[in-house]
Structures are given as structure tokens and as C-alpha cells.
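Coordinates as given in data01.txt (compact mmCIF, C-alpha atoms):
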```txt
# COMPACT_ATOMS: atom_id res chain seq x y z
CA MET A 1 0.00 0.00 0.00
CA ALA A 2 2.92 2.34 0.70
CA ALA A 3 4.05 2.05 -2.90
CA LEU A 4 0.66 3.27 -4.12
CA LEU A 5 1.04 6.50 -2.12
CA GLU A 6 4.44 7.44 -3.51
CA PRO A 7 4.71 10.43 -5.86
CA PRO A 8 4.68 9.67 -9.60
CA PRO A 9 8.06 9.12 -11.27
CA PRO A 10 9.65 12.08 -13.11
CA PHE A 11 8.80 10.87 -16.61
CA LEU A 12 5.08 11.31 -15.76
CA ASN A 13 5.39 14.98 -14.87
CA GLN A 14 4.82 16.12 -18.43
CA LEU A 15 1.47 14.28 -18.45
CA LEU A 16 0.16 15.86 -15.24
CA PRO A 17 -1.26 19.39 -14.86
CA PRO A 18 1.06 22.06 -13.37
CA ASN A 19 1.37 22.09 -9.56
CA SER A 20 -0.33 18.72 -9.37
CA ASN A 21 -0.07 16.85 -6.09
CA SER A 22 -1.61 13.70 -7.55
CA THR A 23 -0.30 10.43 -6.20
CA ARG A 24 -1.92 8.29 -8.86
CA PRO A 25 0.46 5.63 -10.23
CA LEU A 26 -1.10 6.04 -13.71
CA PRO A 27 -1.53 9.31 -15.57
CA TYR A 28 -5.11 10.51 -15.84
CA ASN A 29 -6.57 12.82 -18.42
CA LEU A 30 -8.25 15.35 -16.21
CA ARG A 31 -9.98 17.19 -19.05
CA LEU A 32 -11.87 14.20 -20.42
CA GLY A 33 -12.22 12.25 -17.19
CA ARG A 34 -10.76 9.01 -18.58
CA PRO A 35 -7.29 7.31 -18.58
CA THR A 36 -4.83 8.48 -21.23
CA ASN A 37 -3.83 5.77 -23.64
CA PRO A 38 -0.09 5.15 -23.13
CA LEU A 39 0.30 4.31 -26.82
CA ASN A 40 0.05 8.03 -27.54
CA HIS A 41 3.08 8.70 -25.26
CA PRO A 42 6.28 6.86 -26.29
CA THR A 43 8.11 7.83 -23.05
CA LEU A 44 5.38 6.33 -20.91
CA LEU A 45 5.17 3.27 -23.15
CA ALA A 46 8.93 2.60 -22.83
CA ALA A 47 8.89 3.08 -19.08
CA THR A 48 5.86 0.91 -18.33
CA THR A 49 6.36 -1.91 -20.87
CA PRO A 50 8.20 -5.02 -19.65
CA CYS A 51 11.55 -5.89 -21.20
CA CYS A 52 11.10 -7.04 -24.76
CA SER A 53 13.24 -8.30 -27.58
CA ALA A 54 15.19 -6.07 -29.94
CA ALA A 55 13.06 -7.14 -32.85
CA THR A 56 9.91 -6.07 -31.06
CA SER A 57 11.33 -2.71 -30.04
CA LYS A 58 12.06 -1.81 -33.66
CA GLN A 59 8.41 -2.19 -34.66
CA PRO A 60 6.56 1.16 -35.21
CA ILE A 61 4.31 2.22 -32.37
CA PRO A 62 0.70 2.67 -33.49
CA LYS A 63 -0.57 6.21 -33.21
CA LEU A 64 -4.11 6.54 -31.86
CA PRO A 65 -6.21 9.63 -32.59
CA ASP A 66 -5.99 12.43 -30.09
CA PRO A 67 -8.91 12.86 -27.69
CA VAL A 68 -11.86 14.93 -28.91
CA PRO A 69 -11.55 18.56 -27.76
CA GLU A 70 -13.83 19.53 -24.91
CA ALA A 71 -15.58 22.21 -26.97
CA ALA A 72 -16.51 19.63 -29.62
CA LEU A 73 -17.90 17.33 -26.95
CA VAL A 74 -20.01 20.16 -25.56
CA ARG A 75 -21.37 20.95 -29.03
CA THR A 76 -22.21 17.28 -29.59
CA ARG A 77 -24.03 17.06 -26.26
CA ASP A 78 -25.98 20.24 -27.04
CA ARG A 79 -26.92 19.01 -30.50
CA ARG A 80 -28.14 15.69 -29.16
CA ARG A 81 -30.13 17.46 -26.47
CA VAL A 82 -31.84 19.67 -29.06
CA VAL A 83 -32.71 16.65 -31.22
CA ARG A 84 -34.02 14.72 -28.22
CA LEU A 85 -36.20 17.61 -27.06
CA ALA A 86 -37.58 18.11 -30.60
CA TRP A 87 -38.48 14.44 -30.83
CA GLU A 88 -40.12 14.41 -27.38
CA LYS A 89 -42.15 17.47 -28.34
CA LEU A 90 -43.29 15.73 -31.53
CA VAL A 91 -44.29 12.60 -29.61
CA ARG A 92 -46.30 14.64 -27.06
CA TRP A 93 -48.08 16.46 -29.88
CA SER A 94 -48.88 13.15 -31.57
CA ARG A 95 -50.28 11.60 -28.38
CA THR A 96 -52.42 14.65 -27.70
CA TRP A 97 -53.77 14.59 -31.24
CA ARG A 98 -54.51 10.84 -31.10
CA SER A 99 -56.39 11.26 -27.83
CA LYS A 100 -58.82 13.55 -29.66
CA THR A 101 -59.29 11.19 -32.62
CA LYS A 102 -62.85 10.02 -33.06
CA THR A 103 -63.74 6.42 -33.84
CA ASP A 104 -67.51 6.74 -34.17
CA VAL A 105 -67.45 6.26 -37.96
CA LEU A 106 -65.89 2.81 -37.67
CA GLU A 107 -68.25 1.91 -34.84
CA ARG A 108 -71.31 2.90 -36.90
CA THR A 109 -70.18 1.17 -40.09
CA ASN A 110 -71.74 -2.27 -40.47
CA LYS A 111 -71.30 -2.98 -44.18
CA VAL A 112 -68.90 -1.93 -46.93
CA VAL A 113 -69.10 -2.92 -50.57
CA VAL A 114 -66.13 -3.05 -52.95
CA LEU A 115 -66.82 -2.85 -56.69
CA GLY A 116 -64.28 -4.91 -58.62
CA GLY A 117 -62.24 -8.03 -57.98
CA GLY A 118 -58.77 -6.88 -59.02
CA SER A 119 -55.63 -6.65 -56.92
CA PHE A 120 -56.26 -3.26 -55.34
CA ALA A 121 -59.96 -4.01 -54.82
CA THR A 122 -59.00 -7.18 -52.96
CA ALA A 123 -56.36 -5.38 -50.90
CA MET A 124 -58.77 -2.64 -49.92
CA ALA A 125 -61.48 -5.15 -49.00
CA SER A 126 -59.01 -7.04 -46.85
CA HIS A 127 -57.84 -3.86 -45.14
CA VAL A 128 -61.35 -2.65 -44.30
CA ALA A 129 -62.41 -6.12 -43.13
CA ASN A 130 -59.46 -6.24 -40.75
CA ARG A 131 -60.49 -2.93 -39.24
CA LYS A 132 -63.61 -4.46 -37.68
CA SER A 133 -64.38 -8.17 -37.53
CA GLN A 134 -68.13 -7.57 -37.09
CA MET A 135 -68.31 -5.57 -40.33
CA GLU A 136 -69.58 -7.27 -43.48
CA VAL A 137 -67.41 -6.59 -46.53
CA SER A 138 -69.00 -7.55 -49.82
CA ILE A 139 -66.95 -7.74 -53.07
CA LEU A 140 -68.95 -7.40 -56.28
CA VAL A 141 -67.10 -9.29 -59.04
CA ARG A 142 -67.88 -10.35 -62.60
CA ASP A 143 -65.72 -13.48 -62.67
CA ALA A 144 -67.59 -16.43 -61.18
CA GLN A 145 -64.33 -18.31 -60.55
CA VAL A 146 -62.91 -15.44 -58.50
CA CYS A 147 -66.18 -15.31 -56.58
CA GLN A 148 -66.02 -19.02 -55.80
CA SER A 149 -62.37 -18.85 -54.84
CA ILE A 150 -63.00 -16.08 -52.32
CA ASN A 151 -66.04 -17.71 -50.76
CA SER A 152 -64.69 -21.28 -50.69
CA ASN A 153 -61.04 -20.69 -49.83
CA GLN A 154 -60.99 -17.10 -48.47
CA CYS A 155 -58.40 -16.36 -51.14
CA ASN A 156 -58.26 -14.50 -54.44
CA ARG A 157 -56.08 -17.03 -56.26
CA LYS A 158 -55.80 -14.87 -59.37
CA TYR A 159 -53.97 -12.03 -57.63
CA PHE A 160 -53.02 -13.12 -54.10
CA PRO A 161 -52.78 -16.91 -54.00
CA GLU A 162 -50.69 -16.88 -50.80
CA HIS A 163 -52.83 -14.46 -48.79
CA LYS A 164 -55.81 -15.60 -46.74
CA LEU A 165 -58.63 -13.06 -46.66
CA PRO A 166 -60.55 -12.20 -43.48
CA GLU A 167 -63.58 -14.32 -42.70
CA ASN A 168 -65.98 -11.37 -42.90
CA ILE A 169 -65.38 -10.91 -46.66
CA ILE A 170 -68.07 -12.26 -48.97
CA ALA A 171 -67.87 -12.21 -52.77
CA THR A 172 -70.92 -12.05 -55.02
CA THR A 173 -71.92 -11.43 -58.61
CA ASP A 174 -75.30 -10.02 -57.53
CA ALA A 175 -75.19 -6.21 -57.49
CA LYS A 176 -78.43 -5.86 -55.54
CA ALA A 177 -77.25 -8.15 -52.74
CA ALA A 178 -73.83 -6.50 -52.60
CA LEU A 179 -75.16 -2.95 -52.35
CA LEU A 180 -78.10 -3.62 -50.00
CA GLY A 181 -77.49 -1.87 -46.69
CA ALA A 182 -73.96 -0.68 -47.53
CA ASP A 183 -72.58 2.28 -45.59
CA TYR A 184 -69.65 2.92 -47.95
CA CYS A 185 -68.80 1.85 -51.50
CA PHE A 186 -65.23 1.47 -52.79
CA HIS A 187 -65.03 1.82 -56.57
CA ALA A 188 -62.11 -0.13 -58.04
CA VAL A 189 -63.30 -0.77 -61.60
CA PRO A 190 -60.91 0.42 -64.37
CA VAL A 191 -61.79 3.92 -65.55
CA GLN A 192 -62.53 2.99 -69.17
CA PHE A 193 -65.21 0.47 -68.06
CA SER A 194 -66.62 2.43 -65.13
CA SER A 195 -69.37 4.34 -66.88
CA SER A 196 -71.09 1.32 -68.43
CA PHE A 197 -70.59 -0.73 -65.25
CA LEU A 198 -72.16 1.93 -63.02
CA GLU A 199 -75.08 2.47 -65.37
CA GLY A 200 -75.84 -1.24 -65.02
CA ILE A 201 -76.05 -1.15 -61.22
CA ALA A 202 -77.46 2.38 -60.78
CA GLU A 203 -80.92 1.16 -59.75
CA HIS A 204 -79.44 -0.58 -56.69
CA VAL A 205 -77.36 2.38 -55.47
CA TYR A 206 -78.75 4.39 -52.56
CA PRO A 207 -78.58 8.14 -53.43
CA GLY A 208 -76.70 8.96 -50.22
CA LEU A 209 -74.15 6.13 -50.47
CA PRO A 210 -70.61 7.61 -50.31
CA PHE A 211 -68.36 6.41 -53.16
CA ILE A 212 -64.64 6.11 -52.40
CA SER A 213 -62.86 5.83 -55.74
CA VAL A 214 -59.45 4.16 -56.06
CA SER A 215 -59.59 4.11 -59.88
CA LYS A 216 -57.02 6.39 -61.52
CA GLY A 217 -57.24 7.68 -65.07
CA LEU A 218 -59.17 9.74 -67.60
CA GLU A 219 -62.00 8.48 -69.78
CA LEU A 220 -60.57 8.44 -73.29
CA ASN A 221 -63.39 9.98 -75.32
CA THR A 222 -64.88 12.37 -72.75
CA LEU A 223 -61.74 13.31 -70.75
CA ARG A 224 -63.79 12.82 -67.57
CA THR A 225 -62.33 11.92 -64.18
CA MET A 226 -64.01 9.55 -61.73
CA SER A 227 -65.52 12.46 -59.78
CA GLN A 228 -67.43 13.29 -62.98
CA ILE A 229 -68.10 9.74 -64.20
CA ILE A 230 -69.69 8.38 -61.02
CA PRO A 231 -72.45 10.98 -60.46
CA GLN A 232 -73.25 11.18 -64.16
CA ALA A 233 -73.44 7.40 -64.62
CA LEU A 234 -75.64 7.07 -61.52
CA LYS A 235 -77.76 10.06 -62.65
CA ASN A 236 -77.28 11.67 -59.27
CA PRO A 237 -75.20 14.89 -59.26
CA ARG A 238 -75.25 14.88 -55.43
CA GLN A 239 -73.77 11.39 -55.03
CA PRO A 240 -71.18 11.72 -52.22
CA PHE A 241 -67.68 11.27 -53.67
CA ILE A 242 -64.21 10.74 -52.22
CA ALA A 243 -60.97 10.16 -54.15
CA LEU A 244 -58.45 7.84 -52.49
CA SER A 245 -54.93 8.07 -53.91
CA GLY A 246 -51.26 7.97 -53.03
CA PRO A 247 -48.15 5.78 -53.34
CA SER A 248 -49.57 2.35 -52.57
CA PHE A 249 -49.00 -1.07 -54.10
CA ALA A 250 -51.72 -3.62 -53.39
CA LEU A 251 -49.21 -6.31 -52.39
CA GLU A 252 -47.61 -4.14 -49.71
CA LEU A 253 -51.02 -3.14 -48.39
CA MET A 254 -51.92 -6.83 -48.14
CA ASN A 255 -48.68 -7.40 -46.20
CA LYS A 256 -49.57 -4.53 -43.84
CA LEU A 257 -46.41 -2.59 -44.61
CA PRO A 258 -46.35 1.12 -43.61
CA THR A 259 -48.25 3.14 -46.23
CA ALA A 260 -49.58 6.71 -46.55
CA MET A 261 -52.48 7.83 -48.73
CA VAL A 262 -54.79 10.81 -49.24
CA VAL A 263 -58.60 11.06 -49.23
CA ALA A 264 -59.94 14.08 -51.12
CA SER A 265 -63.48 15.40 -51.05
CA LYS A 266 -65.17 18.76 -51.37
CA ASP A 267 -67.10 17.77 -48.25
CA LYS A 268 -64.68 18.06 -45.33
CA LYS A 269 -66.84 15.93 -43.02
CA LEU A 270 -66.95 13.19 -45.65
CA ALA A 271 -63.15 13.24 -46.01
CA ASN A 272 -62.76 13.01 -42.23
CA ALA A 273 -65.17 10.08 -42.12
CA ALA A 274 -63.18 8.19 -44.76
CA GLN A 275 -60.03 8.95 -42.79
CA GLN A 276 -61.53 7.40 -39.66
CA LEU A 277 -62.69 4.37 -41.59
CA LEU A 278 -59.30 3.62 -43.13
CA ALA A 279 -56.53 4.94 -40.88
CA CYS A 280 -54.69 2.43 -38.68
CA ASP A 281 -51.23 1.78 -37.27
CA TYR A 282 -49.79 0.83 -40.69
CA LEU A 283 -51.89 3.10 -42.95
CA ARG A 284 -51.72 6.87 -42.60
CA ILE A 285 -54.56 8.81 -44.21
CA SER A 286 -54.31 12.55 -44.89
CA THR A 287 -57.30 14.62 -45.97
CA SER A 288 -57.59 17.13 -48.80
CA SER A 289 -60.24 19.26 -50.46
CA ASP A 290 -58.36 19.31 -53.79
CA VAL A 291 -60.22 16.60 -55.69
CA VAL A 292 -59.00 17.90 -59.06
CA GLY A 293 -55.36 17.84 -58.06
CA VAL A 294 -55.53 14.35 -56.57
CA GLU A 295 -57.33 12.90 -59.59
CA VAL A 296 -55.24 14.61 -62.28
CA ALA A 297 -51.96 13.67 -60.62
CA GLY A 298 -53.16 10.08 -60.17
CA ALA A 299 -54.12 9.83 -63.83
CA LEU A 300 -51.08 11.47 -65.40
CA LYS A 301 -48.46 9.68 -63.30
CA ASN A 302 -49.42 6.43 -65.07
CA VAL A 303 -48.45 7.93 -68.42
CA LEU A 304 -45.20 9.25 -67.00
CA ALA A 305 -44.43 5.79 -65.59
CA ILE A 306 -44.58 4.37 -69.13
CA ALA A 307 -41.99 6.96 -70.19
CA ALA A 308 -39.73 6.02 -67.27
CA GLY A 309 -40.05 2.36 -68.20
CA ILE A 310 -39.12 3.06 -71.83
CA VAL A 311 -35.88 4.68 -70.66
CA ASP A 312 -35.08 1.60 -68.56
CA GLY A 313 -35.94 -0.71 -71.43
CA MET A 314 -33.54 1.16 -73.68
CA ASN A 315 -30.80 1.14 -71.00
CA LEU A 316 -30.36 4.90 -71.23
CA GLY A 317 -29.21 5.22 -67.62
CA ASN A 318 -30.29 6.87 -64.39
CA ASN A 319 -29.36 10.40 -65.48
CA CYS A 320 -31.74 10.19 -68.41
CA LYS A 321 -34.59 8.66 -66.40
CA THR A 322 -34.32 11.20 -63.60
CA ALA A 323 -34.28 14.13 -66.05
CA LEU A 324 -37.28 12.71 -67.88
CA VAL A 325 -39.30 12.15 -64.70
CA ALA A 326 -38.45 15.66 -63.46
CA GLN A 327 -39.68 17.12 -66.76
CA GLY A 328 -42.81 14.97 -66.56
CA CYS A 329 -43.51 16.24 -63.03
CA SER A 330 -43.37 19.80 -64.34
CA GLU A 331 -45.77 18.96 -67.16
CA ILE A 332 -48.23 17.40 -64.72
CA ARG A 333 -47.99 20.49 -62.49
CA TRP A 334 -48.58 22.85 -65.43
CA LEU A 335 -51.73 21.04 -66.56
CA ALA A 336 -53.13 20.38 -63.08
CA MET A 337 -52.81 24.02 -62.06
CA LYS A 338 -54.49 25.15 -65.28
CA MET A 339 -57.36 22.83 -64.31
CA GLY A 340 -57.61 24.37 -60.85
CA ALA A 341 -55.38 22.10 -58.73
CA LYS A 342 -53.30 23.34 -55.81
CA PRO A 343 -49.49 23.25 -56.16
CA ALA A 344 -49.19 21.61 -52.71
CA THR A 345 -51.22 18.64 -53.97
CA ILE A 346 -48.82 18.01 -56.85
CA THR A 347 -45.82 18.04 -54.51
CA GLY A 348 -47.57 15.84 -51.94
CA LEU A 349 -48.39 12.16 -51.54
CA SER A 350 -50.89 11.91 -54.40
CA GLY A 351 -48.53 13.82 -56.72
CA ILE A 352 -44.78 13.43 -56.40
CA GLY A 353 -45.22 10.58 -53.91
CA ASP A 354 -47.25 8.45 -56.32
CA ILE A 355 -45.04 9.46 -59.25
CA MET A 356 -41.87 8.26 -57.53
CA LEU A 357 -43.40 4.91 -56.64
CA THR A 358 -44.83 4.30 -60.10
CA CYS A 359 -41.78 5.45 -62.06
CA PHE A 360 -38.98 3.84 -60.08
CA VAL A 361 -40.32 0.54 -58.69
CA ASN A 362 -40.57 -2.75 -60.57
CA LEU A 363 -44.07 -3.62 -59.25
CA SER A 364 -45.59 -0.83 -61.36
CA ARG A 365 -47.75 -2.17 -64.22
CA ASN A 366 -47.38 1.00 -66.28
CA ARG A 367 -43.62 1.08 -65.85
CA THR A 368 -43.51 -2.58 -66.93
CA VAL A 369 -45.35 -1.69 -70.14
CA GLY A 370 -42.75 1.01 -70.79
CA VAL A 371 -39.81 -1.32 -70.13
CA ARG A 372 -41.14 -3.82 -72.64
CA LEU A 373 -41.84 -1.10 -75.21
CA GLY A 374 -38.30 0.19 -74.79
CA SER A 375 -36.99 -3.35 -75.26
CA GLY A 376 -38.66 -3.56 -78.67
CA GLU A 377 -41.89 -5.48 -77.95
CA GLN A 378 -45.16 -4.56 -79.61
CA LEU A 379 -47.90 -2.98 -77.51
CA ASP A 380 -50.56 -5.53 -78.48
CA ASP A 381 -48.33 -8.41 -77.39
CA ILE A 382 -47.59 -6.68 -74.09
CA LEU A 383 -51.22 -6.00 -73.23
CA SER A 384 -52.40 -9.49 -74.20
CA SER A 385 -49.87 -11.05 -71.83
CA MET A 386 -50.95 -8.98 -68.80
CA ASN A 387 -53.67 -10.04 -66.34
CA GLN A 388 -54.15 -6.49 -65.04
CA VAL A 389 -55.03 -3.16 -66.66
CA ALA A 390 -52.31 -0.56 -67.23
CA GLU A 391 -54.39 2.62 -67.11
CA GLY A 392 -51.61 4.76 -68.57
CA VAL A 393 -52.02 3.21 -72.01
CA SER A 394 -55.57 4.44 -72.47
CA THR A 395 -55.04 7.66 -70.50
CA ALA A 396 -52.16 8.89 -72.70
CA GLY A 397 -54.38 10.02 -75.55
CA ALA A 398 -56.78 11.76 -73.17
CA VAL A 399 -53.90 13.63 -71.55
CA ILE A 400 -52.86 15.12 -74.87
CA ALA A 401 -56.41 16.21 -75.59
CA LEU A 402 -56.52 17.93 -72.20
CA ALA A 403 -53.18 19.61 -72.88
CA GLN A 404 -54.54 21.03 -76.13
CA LYS A 405 -57.73 22.16 -74.38
CA TYR A 406 -55.82 24.05 -71.70
CA LYS A 407 -52.97 25.12 -74.06
CA VAL A 408 -50.17 23.45 -72.13
CA LYS A 409 -47.02 22.09 -73.77
CA MET A 410 -46.29 18.54 -72.57
CA PRO A 411 -43.43 17.09 -74.68
CA VAL A 412 -42.70 13.98 -72.57
CA LEU A 413 -46.30 12.86 -72.15
CA THR A 414 -47.04 13.69 -75.80
CA ALA A 415 -44.13 11.48 -76.86
CA VAL A 416 -45.59 8.59 -74.85
CA ALA A 417 -48.95 9.00 -76.55
CA ARG A 418 -47.30 8.93 -80.00
CA ILE A 419 -45.32 5.80 -79.12
CA ILE A 420 -48.50 4.07 -77.93
CA ASP A 421 -50.23 5.06 -81.18
CA ASN A 422 -47.25 3.55 -83.05
CA GLU A 423 -46.48 6.90 -84.69
CA LEU A 424 -43.05 7.22 -83.11
CA THR A 425 -40.35 4.77 -82.07
CA PRO A 426 -38.87 5.05 -78.58
CA LYS A 427 -35.42 5.80 -80.01
CA LYS A 428 -36.65 8.61 -82.22
CA ALA A 429 -38.74 10.02 -79.36
CA VAL A 430 -35.64 10.30 -77.19
CA LEU A 431 -33.71 12.05 -79.96
CA GLU A 432 -36.52 14.55 -80.50
CA LEU A 433 -36.88 15.27 -76.79
CA MET A 434 -33.15 15.86 -76.44
CA SER A 435 -33.27 18.25 -79.43
CA LEU A 436 -35.86 20.54 -77.84
CA PRO A 437 -34.79 24.19 -77.33
CA GLN A 438 -32.62 24.94 -74.29
CA VAL A 439 -34.94 27.10 -72.19
CA GLU A 440 -35.20 28.50 -68.68
CA GLU A 441 -36.52 26.07 -66.10
CA VAL A 442 -40.08 26.86 -64.96
```

This structure in C-alpha cells:
Amino acid sequence: MAALLEPPPPFLNQLLPPNSNSTRPLPYNLRLGRPTNPLNHPTLLAATTPCCSAATSKQPIPKLPDPVPEAALVRTRDRRRVVRLAWEKLVRWSRTWRSKTKTDVLERTNKVVVLGGGSFATAMASHVANRKSQMEVSILVRDAQVCQSINSNQCNRKYFPEHKLPENIIATTDAKAALLGADYCFHAVPVQFSSSFLEGIAEHVYPGLPFISVSKGLELNTLRTMSQIIPQALKNPRQPFIALSGPSFALELMNKLPTAMVVASKDKKLANAAQQLLACDYLRISTSSDVVGVEVAGALKNVLAIAAGIVDGMNLGNNCKTALVAQGCSEIRWLAMKMGAKPATITGLSGIGDIMLTCFVNLSRNRTVGVRLGSGEQLDDILSSMNQVAEGVSTAGAVIALAQKYKVKMPVLTAVARIIDNELTPKKAVLELMSLPQVEEV
């Protein structure tokens, strides 16, 4: 014990603060509050290392980084504290907001009907059915085999053979039975077939039944959106309407992966009701009053996805694809704003969000069409081999008609329409687009 109380040897003096009376046998870094690594001090290393061979002593001594200055440590602690406080404030705000969230819409809803038996219709039916086990979810389908598959095996083998559907889902081909007593109706029929389909079931639709449309596109001959098609086909201009859109693949919704979407309605109470019905721990639902912006962005992004796919099919690289998609986003913004949309909608989930998903991810049907077109396949062969509808193919022509109506130049989307009409090859379209005048970005 006496040895431990002796003063430090002379070679340690340079490591101790001036006028230090420390009796520690090992040097201590008083600024940082932790032992100093002797490897950073050759004198200390030589004095404290046992006798070693000559060969070992000739080896270079590793140099460790100097300790972090105290000022830098203080700044790091302050930064972390600011981040932590900001996060805690956000969490408190979120909890307060959630405590005020109403659930009466879900409690009052006893039946929901889904029109269509495709992939997104099935995913939406499954999601709503999982929200409340006592709720009846009826899927109105045309295909008798799909109907039998759902009712016998609780599975839509055509689109989701590995996913079991909730027990409270019932499929039917009878429109009257499906719509009887429904509180909400999800419309998932492709846009080009919606008008004739709705006219056929109009007599069974209650005038106050809210329609939540997940169909995206423009009717080719009339240039109508779903907010115009549904009330006109049902002969009820006051039919409640909600547009549901955003970056969402049916498969990921079925797998309950985190997703965010937007419900848009001119009736704020109706949008809030749809939000209550759909929102859960893995599906965020924002509300909007900009029906035009949500619908136009949802329709035009399918055409832009074909263009992005063509670039991939031609192996033109990421620079080219990103420039093309950026130009396409501008074209969509120009047209949507001329039609009365809000700029914030185009830069939000239903605009840029949906565009990014559709243009850059392999699961996109429209992008797949573009990839195959860019690879040299014929459009008819591509469409005949697909078991789902790529809305961008039929929407492209309608987009150009709208552009002419509102006097908006849309070179990228126009090029897609010409390729689809077989009036332009993908290679020539790229050359023409790259030859456009060099202008100021707007």
C-alpha cells in the first residue's frame, strides 16, 4: 500500500497538470475524465512496458487519434439534447392529437361494398375487413371463378394466392345483394369500363351512399375523371364522392407494410369520415379538399411511368430517367394548375409521392409496359400477356387532348402518346426530346 502512495516518477510529470499533487500511479486525463492511452506517449510506453526483444522494439508504435476537444464534446451534447427535445415534443403532440381522434365512424359502419375483384380491390377489401371483424365486406365481381375462390377458400387465387382473406369478406356477382345496406362503397373498376358498369347497377345504389374511388385515369373519349363519371353514370349529381390516392402497391397493403395515402373530397366531413374508416397503425390517411389535383396527378403519373419504363428498357441510364421524370412532373404540375389544382397537392403524396413509386419501382404495371416497349416489344403483345389493366395506355391520348384544351405544352407525355399510337419509335422520341430548345426552367 505504501508504494501506491508514492509520488509519480519524473517521466510522468509532463502528463500531469502544473502544480499537481496527484499520487496516482497512472496518468489521468483530467480534461476528459478518462485514462490516457499510453500508446500516444512513447516515453510512458517505454517506461511501463516489460523488457522485450530487440526485434519487437524496432516495430513502429501505433498512433491513436488524439482525444476529442472539450468544446466539440459540448457541441455534440448540445446538439443531441436539441434533437431529443424536438423528438419528445413531436411525440407529445402526436399523443395529444390521437387522444382527440374520433372512432364513431368505424363503430357505426356495419357494411362496406367493394366494386371490382382486381388486386387493389381485394387489398382494400381485406384492409377494411381487418379494421372491424363484425363488419360485413362484400366484393362485387364479374368473374364467377374469383367469386367461388374467395367464398370457398378465403383467397383471391388470381392475384393473391398466398394471402388468406378475413372471414368477414363475402364475394358475389349479384349487385343488388352486394349494395343492399352498404354504408360505404369502394369503386375499383378500371376507368374505361366504369361508366357502363355503373349504369348497369345504378338502380341498386342508394342516393346517399358515399363512393370512395381508387380508380385512376381519364376516360378516353370524354376526358372525364371519376368524380365526374360516377355521379353522371348514376344520374345523381349529389352522389357523395371521395378520391383515395397515393403511393400504394396492393401487395404491400396486403402485407400490412407502412403506407400513406390521401382522401380528397369537397365535403370536409366526408373526407374526415373516410379517414376514420381507413386509418390504422400501418396506414396513414391525410385529408384534402383538392379533388381535381388528386385525380389529375393520379391519372397522369401512369403515363409518366410508361416513359420512365421506356428509358429503362432502352438502358439509357439513371441520369436520363431522372431528367425525364423531373420534366414529366413539371408537365403534370402545369396542366393540373391550369385545371384548378393546388401546387401543394402536386408536390404531396398523391402527386410526387405516387409518381416516384410508379416510375422507379418494378411492381408498377405501367412502368412494366414502358420497359417492354423500350426493349422492342409490340404494344398488343404486351397488353395481351398482362392479367391487369395498365391505365396509362388508355389515358395517354386523353392527356394530350386535355393539354390542347388548356394550351399546355407537354413534350414527354405527348411522346408517350405517340409511341403508344405507333407513330413514333422510342429511339426517335428520345432524340426529338433531347433536341428541344434549351430554355429557362419553370

Protein/DNA/RNA residues near (-70.5, -4.0, -63.8), cut 12 Å, all atoms listed in the file, as a CSV table (one decimal) with C-alpha atoms, in the frame of the given file:
```csv
chain,number,residue,atom,x,y,z
A,114,VAL,CA,-66.1,-3.0,-53.0
A,115,LEU,CA,-66.8,-2.8,-56.7
A,116,GLY,CA,-64.3,-4.9,-58.6
A,117,GLY,CA,-62.2,-8.0,-58.0
A,139,ILE,CA,-67.0,-7.7,-53.1
A,140,LEU,CA,-69.0,-7.4,-56.3
A,141,VAL,CA,-67.1,-9.3,-59.0
A,142,ARG,CA,-67.9,-10.4,-62.6
A,143,ASP,CA,-65.7,-13.5,-62.7
A,172,THR,CA,-70.9,-12.0,-55.0
A,173,THR,CA,-71.9,-11.4,-58.6
A,174,ASP,CA,-75.3,-10.0,-57.5
A,175,ALA,CA,-75.2,-6.2,-57.5
A,176,LYS,CA,-78.4,-5.9,-55.5
A,178,ALA,CA,-73.8,-6.5,-52.6
A,187,HIS,CA,-65.0,1.8,-56.6
A,188,ALA,CA,-62.1,-0.1,-58.0
A,189,VAL,CA,-63.3,-0.8,-61.6
A,190,PRO,CA,-60.9,0.4,-64.4
A,191,VAL,CA,-61.8,3.9,-65.6
A,192,GLN,CA,-62.5,3.0,-69.2
A,193,PHE,CA,-65.2,0.5,-68.1
A,194,SER,CA,-66.6,2.4,-65.1
A,195,SER,CA,-69.4,4.3,-66.9
A,196,SER,CA,-71.1,1.3,-68.4
A,197,PHE,CA,-70.6,-0.7,-65.2
A,198,LEU,CA,-72.2,1.9,-63.0
A,199,GLU,CA,-75.1,2.5,-65.4
A,200,GLY,CA,-75.8,-1.2,-65.0
A,201,ILE,CA,-76.0,-1.2,-61.2
A,202,ALA,CA,-77.5,2.4,-60.8
A,204,HIS,CA,-79.4,-0.6,-56.7
A,233,ALA,CA,-73.4,7.4,-64.6
```

_Within 10 Å of Asn387 (chain A) using all atoms listed in the file, minus same-chain residues under 4 positions, as a ChimeraX atom specification_ = /A:118,158-159,383

*Which polymer residues have any atom within 9 Å of an atom of Arg108 (chain A), counting only C-alpha atoms, with same-chain residues fewer than 4 positions away left out, as a list in words?*
Thr103, Asp104 and Asp183 of chain A

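The residue set within 7 Å of Leu209 (chain A), counting all atoms listed in the file and dropping same-chain residues fewer than 4 places from it, reads Asp183, Tyr184, Cys185, Gln239 and Pro240 of chain A.
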
*Selection: 7 Å around Ser288 (chain A), all atoms listed in the file, excl. self and same-chain fewer than 4 positions, as a count of residues only*: 4

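When only C-alpha atoms are used to compute distances to Leu165 (chain A), the closest of the residues A:Leu90, A:Met135, A:Leu218, A:Met254 turns out to be A:Met254.
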
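Here the question is which of A:Ile382, A:Leu223, A:Leu335, A:Ala171 gets nearest to Lys409 (chain A) using all atoms listed in the file, and that residue is A:Leu335.
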
_Exercise: residues within 10 Å of coordinate (-64.9, -15.9, -44.2), counting only C-alpha atoms, as number ranges by chain_ = A: 136-137, 150-155, 164-171

Is it possible to produce a file of region 286-295 of chain A from this structure, with N, CA and C atoms, as a short mmCIF file (atom, residue, chain, number, x, y, z; two decimals), in the first residue's frame?
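Result written to part-v2.cif:
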```cif
data_model
loop_
_atom_site.label_atom_id
_atom_site.label_comp_id
_atom_site.auth_asym_id
_atom_site.auth_seq_id
_atom_site.Cartn_x
_atom_site.Cartn_y
_atom_site.Cartn_z
N SER A 286 -54.19 11.10 -44.95
CA SER A 286 -54.31 12.55 -44.89
C SER A 286 -55.57 12.97 -45.63
N THR A 287 -56.10 14.13 -45.30
CA THR A 287 -57.30 14.62 -45.97
C THR A 287 -56.96 15.81 -46.86
N SER A 288 -57.79 16.02 -47.86
CA SER A 288 -57.59 17.13 -48.80
C SER A 288 -58.94 17.53 -49.38
N SER A 289 -59.04 18.78 -49.77
CA SER A 289 -60.24 19.26 -50.46
C SER A 289 -59.99 19.39 -51.96
N ASP A 290 -58.76 19.12 -52.39
CA ASP A 290 -58.36 19.31 -53.79
C ASP A 290 -58.62 18.03 -54.59
N VAL A 291 -59.86 17.80 -54.93
CA VAL A 291 -60.22 16.60 -55.69
C VAL A 291 -59.58 16.62 -57.08
N VAL A 292 -59.58 17.78 -57.71
CA VAL A 292 -59.00 17.90 -59.06
C VAL A 292 -57.53 17.54 -59.05
N GLY A 293 -56.79 18.11 -58.12
CA GLY A 293 -55.36 17.84 -58.06
C GLY A 293 -55.04 16.38 -57.82
N VAL A 294 -55.76 15.76 -56.89
CA VAL A 294 -55.53 14.35 -56.57
C VAL A 294 -55.84 13.46 -57.77
N GLU A 295 -56.94 13.74 -58.45
CA GLU A 295 -57.33 12.90 -59.59
C GLU A 295 -56.43 13.10 -60.80
#
```
